[in-house]
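Q: Can you keep this structure in mind? I'll have questions shortly.
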Amino acid sequence: MDTIIIDGLSFALPLFIMAIGGIYSEKSGITNLALEGFQGFGAFIGALSAVLIANAYGTDVENLFYVALLFAMIGGMGFSVIHAVLSIKFKANQVISGVVINILALALTTFLTTQINALVFGAASDKFRLGVSERFTIEGLADIPVIGAVFTDVYPFQVIIIVIAIFAWYVLYKTRFGLHLRASGENPHSVDAAGVDVAKIRFSAVLISGLLSGLAGMCFAYSISAQFSSSIYMGYGFLAIAALIFGNWKILPTLAACLLFGFAKSGGTFISQALALPSSFTDLFMILPYVLTLLLLIFFSKSNQAPRALGEIYDKGKR
Amino acid sequence: MSDYIVEMKHITKRFPGIVANDDVSLGIKKGEIFALLGENGAGKSTLMSILSGMYEPDEGEIYIRGEKVQIKSPNHAANLNIGMVHQHFKLVDDYTITENIILGMEPISKFAGLFPYVNIRNANRTIEELSKSFGLEVDPKKKIADLTVSMQQRVEILKVLYREAEILIFDEPTAVLTPQEIDFLLGIIEGLRNSGKTIILITHKLEEIKKVADRCAVLNKGKLVDVLDVKTTSINLMAQLMVGREVSFESEKAPAQFKEEVLKVEHLTVKNEDGFEVVQDVSFTIHGGEIFAIAGVADNGQVEIADAIAGLTKASGGKIFLNGKDITHDSIRNRTETGISYIPEDRQRYGLFLDFDLSTNLGAKQYYKEPFSNKGILKSLEFEQFGSRLIDKYDIRSGQGIHTQVRSMSGGNQQKAIIAREIELQSPLMIFVQPTRGVDIGAIENIHNMIIQQRDQGKAILLVSLELDEIMNVADTIGVIYNGRLQKVASSESLTTNEVGEYMMGARHE
């Protein structure tokens with residue numbers, strides 16, 4: 001039971017922060033299917049920095065988690081510039097741009113990982129070994145029955161994510177920037193008429209989604225995978241998109257959706273282990289979150305309300 | 001140097017294929033209501049878009065309070081205390097009134113002296129006071145999506161006032177309002193003038209100008225015709241200047257020559273989506289050379305009768321005969337082929353492909369036939385030739401001829417295009433539903449003449465209109481509908497406007 005909560009949370013929170021990135025982008029009016037690519041590319045940059053630094057200074061990669069996290073955020077943000085430029089400056093179709101970015105990220109990072117491994121480390125490998133970030137347990141609180149699991153074996157990034165999430169909520173709903181951002185996704189003409197630059201707002205929003213996705217990707221790499229390889233492209237980015245849609249583009253309901261996915265995933269693993277099934281069957285349980293997505297679609301699709309101008313190319317002239 | 005708060009000198013603005021403003025010069029005095037009168041496409045909106053910073057003029061100068069300025073953006077215009085109340089509202093549906101008004105000029109407070117936030121509570125209070133002081137009472141916490149159109153317009157006005165505008169431009173503000181709302185709005189506009197604001201009112205409705213405006217500039221095809229003192233000028237003269245020729249408010253027509261029976265409707269019943277009978281047991285006939293008009297207050301079933309005949313809705317009972325053939329259960333295309341032309345009420349939704357060009361729209365009812373297509377392949381040359389011919393024949397005006405995107409055309413010309421297309425089908429029956437809705441005076445006269453011309457050529461005409469004047473003016477036979485039932489059918493000579501009005505209200509029936 002405890003492991004379901006512990007593993008569920010450590011999966012759900014990175015998913016959540018990535019979904020928040022998606023909310024920023026989509027609330028500003030830019031459809032963002034590129035979260036998957038952002039998190040992968042961000043994690044690649046983070047992992048690469050960590051491995052290189054460890055190599056240069058002879059430190060242990062496991063201890064370079066925070067450095068990696070920082071670089072991953074920068075990497076994700078840098079990569080998201082492609083989506084922002086294509087869909088805002090060049091008014092390209094946002095769905096195509098997003099899909100292509102995902103393919104590009106997978107191909108580019110896989111290629112670069114093998115090349116760098118061969119050139120720098122002289123090893124024939126398609127992954128960067130990272131290890132698992134350290135964890136901590138809050139004594140006392142951890143002894144509370146059931147809820148105690150929340151405070152047991154916590155990754156530090158979970159705390160970071162919660163702090164950032166609260167800040168993201170504050171920016172989106174309480175500040176001038178947030179008011180402009182949400183209006184851009186509902187009716188960009190009104191924002192324009194109010195003398196605010198719609199393109200600038202949307203550009204920032206997409207960059208924020210890249211930054212938060214990079215953060216999420218790095219958390220995945222330092223926890224469940226313990227490495228960076230093409231296995232980071234497991235579709236978590238799409239799961240985050242599903243979560244934000246089920247969450248109706250609102251932060252708190254999105255958290256609920258992410259937790260549901262998290263517990264579905266850890267629950268699936270737990271059941272397959274408890275039943276001592278062969279490993280080919282554990283894969284079957286891994287699809288649980290995705291099956292859940294399909295089921296939830298049936299119930300949530302009706303009441304959903306996407307930002308009104310989502311995915312629409314904004315053209316000043318058209319009324 | 002002058003007592004003008006706004007002066008525009010020799011303004012010229014060109015768009016591809018059209019000169020929207022041609023050497024226009026005018027001055028507006030502080031504290032007056034200055035009306036800009038002109039037909040659709042006369043250049044009123046362009047001129048004011050230049051003043052509000054949306055476009056820059058190709059030639060000419062603007063002086064605000066005697067100082068020469070170049071207005072580069074709406075923001076810049078706002079800094080000069082110029083604000084525009086747009087015809088198409090620019091509001092965020094999901095936001096409250098306050099949030100919409102303060103957008104771009106939010107009051108900021110600091111939370112714990114550190115985190116800046118938008119102080120909605122203060123803003124709510126400010127907006128409430130502002131709205132009260134101008135008699136525009138609104139509840140600042142309500143969402144736009146829950147407001148009526150006229151309330152949304154108040155929000156647009158408040159938005160401009162919040163930005164401390166001294167010069168307010170209203171772009172066709174009454175186009176979307178009911179008569180009562182129009183009266184209220186005109187009252188507000190007068191109130192604003194009395195509190196020292198300068199008002200520019202863009203409109204093509206003469207009665208409104210007569211009611212509130214002090215002076216009025218008339219534009220025609222981009223040129224300034226005259227600036228008039230409203231009190232000493234008659235409505236007729238204004239109309240004449242606006243259209244560029246004399247306008248008769250009554251159409252001339254020869255006595256009707258009835259021919260054979262074309263349309264016969266027997267005991268027609270139509271149900272709406274809820275299963276409610278909106279048309280009950282309606283029977284009438286129309287002959288060639290006859291204009292049969294259905295008069296009635298909106299939503300009494302008249303549109304459903306027209307739709308049932310054209311095939312857009314199913315008749316749940318009764319029969320419809322066209323030239324003796326039972327078409328009650330025919331498809332729409334079969335009916336068109338048998339001989340129905342249809343000019344729908346909502347021309348933009350049902351009458352046109354707004355994003356297609358004019359020639360495609362003109363050929364849209366015949367595209368599947370020779371010579372427009374051959375074995376399923378469209379022949380663009382035929383469309384273009386056909387389009388060019390119709391543009392000449394029916395005087396359809398547009399920026400780029402047959403290649404004009406229909407969306408960019410004025411309402412009157414859009415309607416002319418539809419009527420041209422439908423007349424060219426040479427159908428023995430033509431159905432007009434609200435043919436002059438939202439169309440300016442010159443075009444209304446034009447459309448009435450076209451209808452009468454078709455009658456004189458022996459067509460049977462079904463006219464559905466909410467405008468009683470139009471019906472009295474054009475119809476040969478009048479059927480009055482109330483609550484889905486025809487109350488009275490009689491020749492138009494035998495009825496007075498008052499009688500028709502009484503039947504329409506259900507106060508009289510046979």
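Order determines the names: the first chain of the structure tokens is A, the second B, and so forth; residues in each chain are numbered 1 upward, and ligands are numbered 1 upward as they are shown.
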Using only C-alpha atoms, determine which residues lie at most 10 Å from Lys44 in chain B, disregarding the query and same-chain residues fewer than 3 positions distant; provide the list as a PyMOL selection string.

A: chain B and resi 20-21+35-41+47-49+171-172+201-204+217-224

Q: Using only C-alpha atoms and a distance of at most 7 Å, pull out the residues of chain A that contact chain B, as a CSV table (one decimal) with C-alpha atoms, in the first residue's frame.

A:
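Generated output (part_36.csv):
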chain,number,residue,atom,x,y,z
A,174,LYS,CA,-3.2,36.9,-9.6
A,175,THR,CA,-0.8,38.8,-11.7
A,176,ARG,CA,-1.1,41.1,-14.7
A,183,ALA,CA,-7.2,36.6,-22.2
A,186,GLU,CA,-9.9,33.4,-25.0
A,187,ASN,CA,-10.0,36.5,-27.3
A,189,HIS,CA,-8.4,40.7,-30.3
A,190,SER,CA,-9.4,42.1,-26.9
A,193,ALA,CA,-7.2,46.3,-28.4
A,194,ALA,CA,-6.0,46.8,-24.9
A,195,GLY,CA,-2.6,47.6,-26.2
A,196,VAL,CA,-0.9,44.4,-25.0

Q: List the spatial neighbours of range 329-345 of chain B as a count of residues only - criterion: any atom at most 6 Å away, only C-alpha atoms, same-chain residues fewer than 4 positions off excluded.

A: 10

Q: Which residues of range 201-254 of chain A come within 12 Å of range 52-63 of chain A, and what is each one's closest atom pair and distance in Å (one decimal), counting only C-alpha atoms, sorted by chain and residue number, as JSON lines?

A:
{"residue": "A:Ala221", "atom": "CA", "partner": "A:Glu62", "partner_atom": "CA", "distance": 11.2}
{"residue": "A:Tyr222", "atom": "CA", "partner": "A:Glu62", "partner_atom": "CA", "distance": 8.2}
{"residue": "A:Ser223", "atom": "CA", "partner": "A:Glu62", "partner_atom": "CA", "distance": 10.7}
{"residue": "A:Ala226", "atom": "CA", "partner": "A:Glu62", "partner_atom": "CA", "distance": 9.2}
{"residue": "A:Gln227", "atom": "CA", "partner": "A:Glu62", "partner_atom": "CA", "distance": 10.3}

Q: Distance CA of Asp229 in chain B-CA of Ile28 in chain B, one decimal place?

A: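 Answer for the CA of Asp229 in chain B to CA of Ile28 in chain B separation: 12.5 Å.
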
Q: With a distance cut-off of 8 Å and only C-alpha atoms, select the neighbouring residues of range 21-31 of chain A, excluding the residue or stretch itself and same-chain residues fewer than 6 positions from it, and output the selection as a ChimeraX atom specification.

A: /A:87,94-95,172,181-186,201-202,205-206,208-213,240-241,244,249-251,307-312

Q: Taking 6 positions as the minimum chain separation for residues in the same chain, which residues sit within 7 Å of Tyr63 in chain B when counting only C-alpha atoms? Answer as a list in words.

A: Val6, Glu7, Met8 and Val69 of chain B

Q: Just the selected residues (all heavy atoms), exported as a PDB file, in the first residue's frame, please.

A:
ATOM      1  N   VAL B   6     -10.731  67.996 -33.081  1.00  0.00           N
ATOM      2  CA  VAL B   6     -10.152  67.064 -34.048  1.00  0.00           C
ATOM      3  C   VAL B   6     -10.225  67.705 -35.418  1.00  0.00           C
ATOM      4  O   VAL B   6     -11.263  68.216 -35.818  1.00  0.00           O
ATOM      5  CB  VAL B   6     -10.954  65.735 -34.104  1.00  0.00           C
ATOM      6  CG1 VAL B   6     -10.409  64.824 -35.205  1.00  0.00           C
ATOM      7  CG2 VAL B   6     -10.927  65.049 -32.767  1.00  0.00           C
ATOM      8  N   GLU B   7      -9.120  67.717 -36.116  1.00  0.00           N
ATOM      9  CA  GLU B   7      -9.141  68.177 -37.502  1.00  0.00           C
ATOM     10  C   GLU B   7      -8.435  67.161 -38.374  1.00  0.00           C
ATOM     11  O   GLU B   7      -7.314  66.747 -38.079  1.00  0.00           O
ATOM     12  CB  GLU B   7      -8.425  69.512 -37.604  1.00  0.00           C
ATOM     13  CG  GLU B   7      -9.348  70.697 -37.587  1.00  0.00           C
ATOM     14  CD  GLU B   7      -8.636  71.936 -38.098  1.00  0.00           C
ATOM     15  OE1 GLU B   7      -7.670  72.373 -37.440  1.00  0.00           O
ATOM     16  OE2 GLU B   7      -9.032  72.459 -39.156  1.00  0.00           O
ATOM     17  N   MET B   8      -9.115  66.729 -39.419  1.00  0.00           N
ATOM     18  CA  MET B   8      -8.484  65.817 -40.368  1.00  0.00           C
ATOM     19  C   MET B   8      -8.405  66.563 -41.687  1.00  0.00           C
ATOM     20  O   MET B   8      -9.394  67.106 -42.168  1.00  0.00           O
ATOM     21  CB  MET B   8      -9.313  64.538 -40.502  1.00  0.00           C
ATOM     22  CG  MET B   8      -9.513  63.834 -39.158  1.00  0.00           C
ATOM     23  SD  MET B   8     -10.456  62.300 -39.282  1.00  0.00           S
ATOM     24  CE  MET B   8      -9.173  61.125 -39.670  1.00  0.00           C
ATOM     25  N   VAL B  69      -0.502  65.481 -35.176  1.00  0.00           N
ATOM     26  CA  VAL B  69      -0.098  64.187 -34.601  1.00  0.00           C
ATOM     27  C   VAL B  69      -0.092  63.111 -35.688  1.00  0.00           C
ATOM     28  O   VAL B  69      -0.750  63.228 -36.705  1.00  0.00           O
ATOM     29  CB  VAL B  69      -1.067  63.729 -33.483  1.00  0.00           C
ATOM     30  CG1 VAL B  69      -0.910  64.576 -32.260  1.00  0.00           C
ATOM     31  CG2 VAL B  69      -2.502  63.752 -33.979  1.00  0.00           C
TER      32      VAL B  69
END

Q: Figure out the distance between CA of Ala19 in chain A and CA of Gly247 in chain A, please, to one decimal in Å.

A: 9.6 Å

Q: Would you list the contacts of range 409-420 of chain B as a count of residues only, taking every protein, DNA or RNA residue within 9 Å and counting only C-alpha atoms, but skipping same-chain residues closer than 2 positions in sequence?

A: 42

Q: Identify, with DSSP run on backbone atoms, the residues in range 93-317 of chain B assigned to helix (DSSP H, G or I), and express the list as a VMD selection string.

A: chain B and resid 97 to 102 120 to 133 144 to 146 149 to 162 179 to 194 206 to 212 230 to 232 235 to 243 302 to 310

Q: Can you tell me how far CA of Asp23 in chain B sits from CA of Pro173 in chain B, in Å to one decimal?

A: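 Going from CA of Asp23 in chain B over to CA of Pro173 in chain B covers 26.0 Å.
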
Q: Excluding range 8-11 of chain A and residues on its chain fewer than 4 positions from it, collect all residues at most 8 Å away from it, counting only C-alpha atoms, and give them as a list in words.

A: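 Here the answer would be Thr3, Ile4, Leu15, Val150, Val154, Tyr155, Gln158, Phe220, Ser223, Ile224, Leu259, Phe261, Gly262, Phe263, Ala264, Lys265, Ser266 and Gly267 of chain A.
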
Q: Just write the chosen residues, C-alpha atoms, as a PDB file, in the first residue's frame.

A:
ATOM      1  CA  THR A   3       4.718   1.783  -2.141  1.00  0.00           C
ATOM      2  CA  ILE A   4       1.677   2.620  -4.267  1.00  0.00           C
ATOM      3  CA  LEU A  15       3.702  14.831 -14.715  1.00  0.00           C
ATOM      4  CA  VAL A 150       3.330  10.793   1.638  1.00  0.00           C
ATOM      5  CA  VAL A 154      10.399  11.714  -0.755  1.00  0.00           C
ATOM      6  CA  TYR A 155      12.521  12.941  -3.648  1.00  0.00           C
ATOM      7  CA  GLN A 158       8.783  16.691  -5.287  1.00  0.00           C
ATOM      8  CA  PHE A 220      11.885  11.151 -14.587  1.00  0.00           C
ATOM      9  CA  SER A 223      14.017   8.573 -10.583  1.00  0.00           C
ATOM     10  CA  ILE A 224      12.199   5.874 -12.515  1.00  0.00           C
ATOM     11  CA  LEU A 259      -2.449  11.751  -9.110  1.00  0.00           C
ATOM     12  CA  PHE A 261      -2.496   8.499 -13.406  1.00  0.00           C
ATOM     13  CA  GLY A 262       0.322   8.185 -10.882  1.00  0.00           C
ATOM     14  CA  PHE A 263      -1.570   5.779  -8.655  1.00  0.00           C
ATOM     15  CA  ALA A 264      -2.818   3.811 -11.651  1.00  0.00           C
ATOM     16  CA  LYS A 265       0.767   3.314 -12.731  1.00  0.00           C
ATOM     17  CA  SER A 266       2.175   2.406  -9.316  1.00  0.00           C
ATOM     18  CA  GLY A 267      -0.894   0.300  -8.577  1.00  0.00           C
TER      19      GLY A 267
END

Q: Which is closer to Ile294 in chain B than all the others in B:Arg485, B:Lys29, B:Arg14, B:His509, using only C-alpha atoms?

A: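 Once distances to Ile294 in chain B are computed over only C-alpha atoms, the minimum belongs to B:Arg485.
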